[in-house]
Amino acid sequence: MATQNIQNHNDLLAALKPAEKSYLLLYKAGSEASECSLANLKKAAEKLSGVNVLLVDVAQVKDIHENYQVKTVPSLLIFDGEKYSNVIKGCNDPLYYISLFEESLFSTSAKEGEAPQKRVTVYSTPSCSWCNTLKAYFKTHNIRFTDIDVSKNQQAAAQMVRKSGQQGVPQTDINGQIIVGFDKAKINSLLGIQSNN
């Protein structure tokens with residue numbers, strides 16, 4: 001999917017209309033963190049089709065970050081339709097962005113009459129061995145999930161602690177129900193996984 005450069009707020013609103021979900025990167029050309037975020041987001045967008053990825057250089061376009069009260073860049077704003085729903089700050093790995101995009105594509109692509117898979121979000125860190133075990137388990141059982149690296153996303157880390165009252169990872173959010181650690185029995189029960197291992 002090609003990315004689209006946005007020139008002003010009206011341009012943005014027009015670009016949001018046809019899409020169920022959109023991602024808007026606010027960045028500043030020449031800034032190391034912004035260039036990192038821009039490059040990684042473009043790599044992720046190239047790997048998937050059907051994702052609405054929009055780009056705004058705040059040095060060129062002044063009316064967008066003010067409208068959404070964004071004070072730091074890079075910031076990835078997430079829109080459900082035309083409604084601003086979330087922000088992810090800083091530069092993230094391309095795999096993080098791909099996971100984010102796949103989650104939205106998967107949740108909107110369930111076949112007619114088929115129950116969509118429950119929404120699964122894993123809060124993890126790269127150095128956590130149980131996090132990697134949990135993610136491998138989901139992949140083995142074809143469970144789609146969004147992986148959030150809480151070592152890079154402080155807003156998500158704070159949200160995780162608010163939900164569970166705990167800081168340890170992994171934590172899994174399955175349709176709003178929090179599981180701390182790799183509790184295989186509980187995960188299997190919530191997701192309907194039949195497993196002997």
# chains A, B, ... in the order shown; residues from 1 in each chain; ligands from 1
call {"tool": "residues_around", "arguments": {"residues": "A:Gly168", "least_positions_apart": "3", "cutoff": "8 Å", "atoms": "only C-alpha atoms", "output": "PyMOL selection string"}}
result
chain A and resi 171+180-181
call {"tool": "write_last_selection", "arguments": {"atoms": "C-alpha atoms", "output": "PDB file, in the first residue's frame"}}
result
ATOM      1  CA  GLN A 171      -0.043  -9.502  29.701  1.00  0.00           C
ATOM      2  CA  VAL A 180      -1.134 -11.757  33.447  1.00  0.00           C
ATOM      3  CA  GLY A 181       1.646 -14.175  32.476  1.00  0.00           C
TER       4      GLY A 181
END
call {"tool": "residues_around", "arguments": {"residues": "A:Gly176", "least_positions_apart": "4", "cutoff": "12 Å", "atoms": "only C-alpha atoms", "output": "number ranges by chain"}}
result
A: 118-122, 160, 163-164, 171-172, 190
call {"tool": "atom_distance", "arguments": {"atom1": "atom CA of A:Gln177", "atom2": "atom CA of A:Tyr123"}}
result
13.0 Å
call {"tool": "residues_around", "arguments": {"residues": "A:Tyr96", "least_positions_apart": "5", "cutoff": "8 Å", "atoms": "only C-alpha atoms", "output": "ChimeraX atom specification"}}
result
/A:147-149
call {"tool": "residues_around", "arguments": {"residues": "A:Asn52", "least_positions_apart": "3", "cutoff": "9 Å", "atoms": "only C-alpha atoms", "output": "list in words"}}
result
Met1, Ala2, Thr3, Gln4, Ala15, Leu16, Ala19, Glu20, Lys21, Ser22, Tyr23, Leu24, Ala45 and Ser49 of chain A
call {"tool": "residues_around", "arguments": {"residues": "stretch 63-71 of chain A", "least_positions_apart": "3", "cutoff": "9 Å", "atoms": "only C-alpha atoms", "output": "number ranges by chain"}}
result
A: 8-9, 12, 26, 56, 58, 75, 77, 84, 87
call {"tool": "residues_around", "arguments": {"residues": "A:Tyr97", "least_positions_apart": "3", "cutoff": "12 Å", "atoms": "only C-alpha atoms", "output": "ChimeraX atom specification"}}
result
/A:23,25,37-48,51,53,76,78,88,90-94,100-104,146-149
call {"tool": "write_last_selection", "arguments": {"atoms": "C-alpha atoms", "output": "PDB file, in the first residue's frame"}}
result
ATOM      1  CA  TYR A  23      -3.121   5.800  10.358  1.00  0.00           C
ATOM      2  CA  LEU A  25       2.016   9.838  10.940  1.00  0.00           C
ATOM      3  CA  SER A  37       9.417   6.315  12.244  1.00  0.00           C
ATOM      4  CA  LEU A  38       8.746   7.387   8.650  1.00  0.00           C
ATOM      5  CA  ALA A  39      11.105   4.756   7.176  1.00  0.00           C
ATOM      6  CA  ASN A  40       9.733   1.930   9.355  1.00  0.00           C
ATOM      7  CA  LEU A  41       6.104   2.881   8.706  1.00  0.00           C
ATOM      8  CA  LYS A  42       6.720   2.955   4.931  1.00  0.00           C
ATOM      9  CA  LYS A  43       8.369  -0.494   5.094  1.00  0.00           C
ATOM     10  CA  ALA A  44       5.330  -1.839   6.945  1.00  0.00           C
ATOM     11  CA  ALA A  45       2.838  -0.193   4.558  1.00  0.00           C
ATOM     12  CA  GLU A  46       4.623  -1.739   1.539  1.00  0.00           C
ATOM     13  CA  LYS A  47       4.042  -5.235   2.911  1.00  0.00           C
ATOM     14  CA  LEU A  48       0.246  -4.944   3.207  1.00  0.00           C
ATOM     15  CA  VAL A  51      -4.188  -0.018   4.795  1.00  0.00           C
ATOM     16  CA  VAL A  53      -1.484   5.301   5.766  1.00  0.00           C
ATOM     17  CA  LEU A  76       1.046   7.977  14.798  1.00  0.00           C
ATOM     18  CA  ILE A  78      -5.190   6.200  14.663  1.00  0.00           C
ATOM     19  CA  ILE A  88       1.346   5.952  19.400  1.00  0.00           C
ATOM     20  CA  GLY A  90       8.026   7.577  18.887  1.00  0.00           C
ATOM     21  CA  CYS A  91       9.720   5.313  16.386  1.00  0.00           C
ATOM     22  CA  ASN A  92       8.605   1.690  16.381  1.00  0.00           C
ATOM     23  CA  ASP A  93       9.927  -1.372  14.579  1.00  0.00           C
ATOM     24  CA  PRO A  94       8.349  -2.198  11.152  1.00  0.00           C
ATOM     25  CA  LEU A 100      -0.968  -3.023  14.120  1.00  0.00           C
ATOM     26  CA  PHE A 101      -2.164  -2.970  10.490  1.00  0.00           C
ATOM     27  CA  GLU A 102      -2.870  -6.714  10.352  1.00  0.00           C
ATOM     28  CA  GLU A 103      -5.065  -6.460  13.454  1.00  0.00           C
ATOM     29  CA  SER A 104      -7.289  -3.852  11.799  1.00  0.00           C
ATOM     30  CA  THR A 146      -1.493  -7.058  18.226  1.00  0.00           C
ATOM     31  CA  ASP A 147       1.898  -7.025  19.923  1.00  0.00           C
ATOM     32  CA  ILE A 148       2.671  -3.870  21.898  1.00  0.00           C
ATOM     33  CA  ASP A 149       6.243  -3.357  23.074  1.00  0.00           C
TER      34      ASP A 149
END
call {"tool": "atom_distance", "arguments": {"atom1": "atom CA of A:Ala157", "atom2": "atom CA of A:Asp173"}}
result
12.8 Å
call {"tool": "select_by_dssp", "arguments": {"residues": "stretch 94-191 of chain A", "states": "strand (DSSP E or B)", "output": "PyMOL selection string"}}
result
chain A and resi 120-124+146-149+171-174+177-180
call {"tool": "write_last_selection", "arguments": {"atoms": "C-alpha atoms", "output": "mmCIF file, in the first residue's frame"}}
result
data_model
loop_
_atom_site.group_PDB
_atom_site.id
_atom_site.type_symbol
_atom_site.label_atom_id
_atom_site.label_comp_id
_atom_site.auth_asym_id
_atom_site.auth_seq_id
_atom_site.Cartn_x
_atom_site.Cartn_y
_atom_site.Cartn_z
ATOM 1 C CA VAL A 120 -6.204 -10.107 21.288
ATOM 2 C CA THR A 121 -3.493 -7.678 22.403
ATOM 3 C CA VAL A 122 -0.199 -8.830 23.908
ATOM 4 C CA TYR A 123 1.796 -6.402 26.041
ATOM 5 C CA SER A 124 5.420 -7.503 25.932
ATOM 6 C CA THR A 146 -1.493 -7.058 18.226
ATOM 7 C CA ASP A 147 1.898 -7.025 19.923
ATOM 8 C CA ILE A 148 2.671 -3.870 21.898
ATOM 9 C CA ASP A 149 6.243 -3.357 23.074
ATOM 10 C CA GLN A 171 -0.043 -9.502 29.701
ATOM 11 C CA THR A 172 -2.789 -10.423 27.263
ATOM 12 C CA ASP A 173 -6.003 -8.503 26.711
ATOM 13 C CA ILE A 174 -8.674 -10.762 25.175
ATOM 14 C CA GLN A 177 -10.262 -9.577 29.873
ATOM 15 C CA ILE A 178 -6.685 -9.352 31.187
ATOM 16 C CA ILE A 179 -4.437 -12.375 31.672
ATOM 17 C CA VAL A 180 -1.134 -11.757 33.447
#
call {"tool": "atom_distance", "arguments": {"atom1": "atom CA of A:Asn132", "atom2": "atom CA of A:Val169"}}
result
10.5 Å
call {"tool": "closest_residue", "arguments": {"among": "A:Pro74, A:Leu54, A:Gln194, A:Pro18", "to": "A:Gly30", "atoms": "only C-alpha atoms"}}
result
A:Pro74
call {"tool": "closest_residue", "arguments": {"among": "A:Leu13, A:Leu134, A:Ala59, A:Cys128", "to": "A:Phe79", "atoms": "only C-alpha atoms"}}
result
A:Leu13
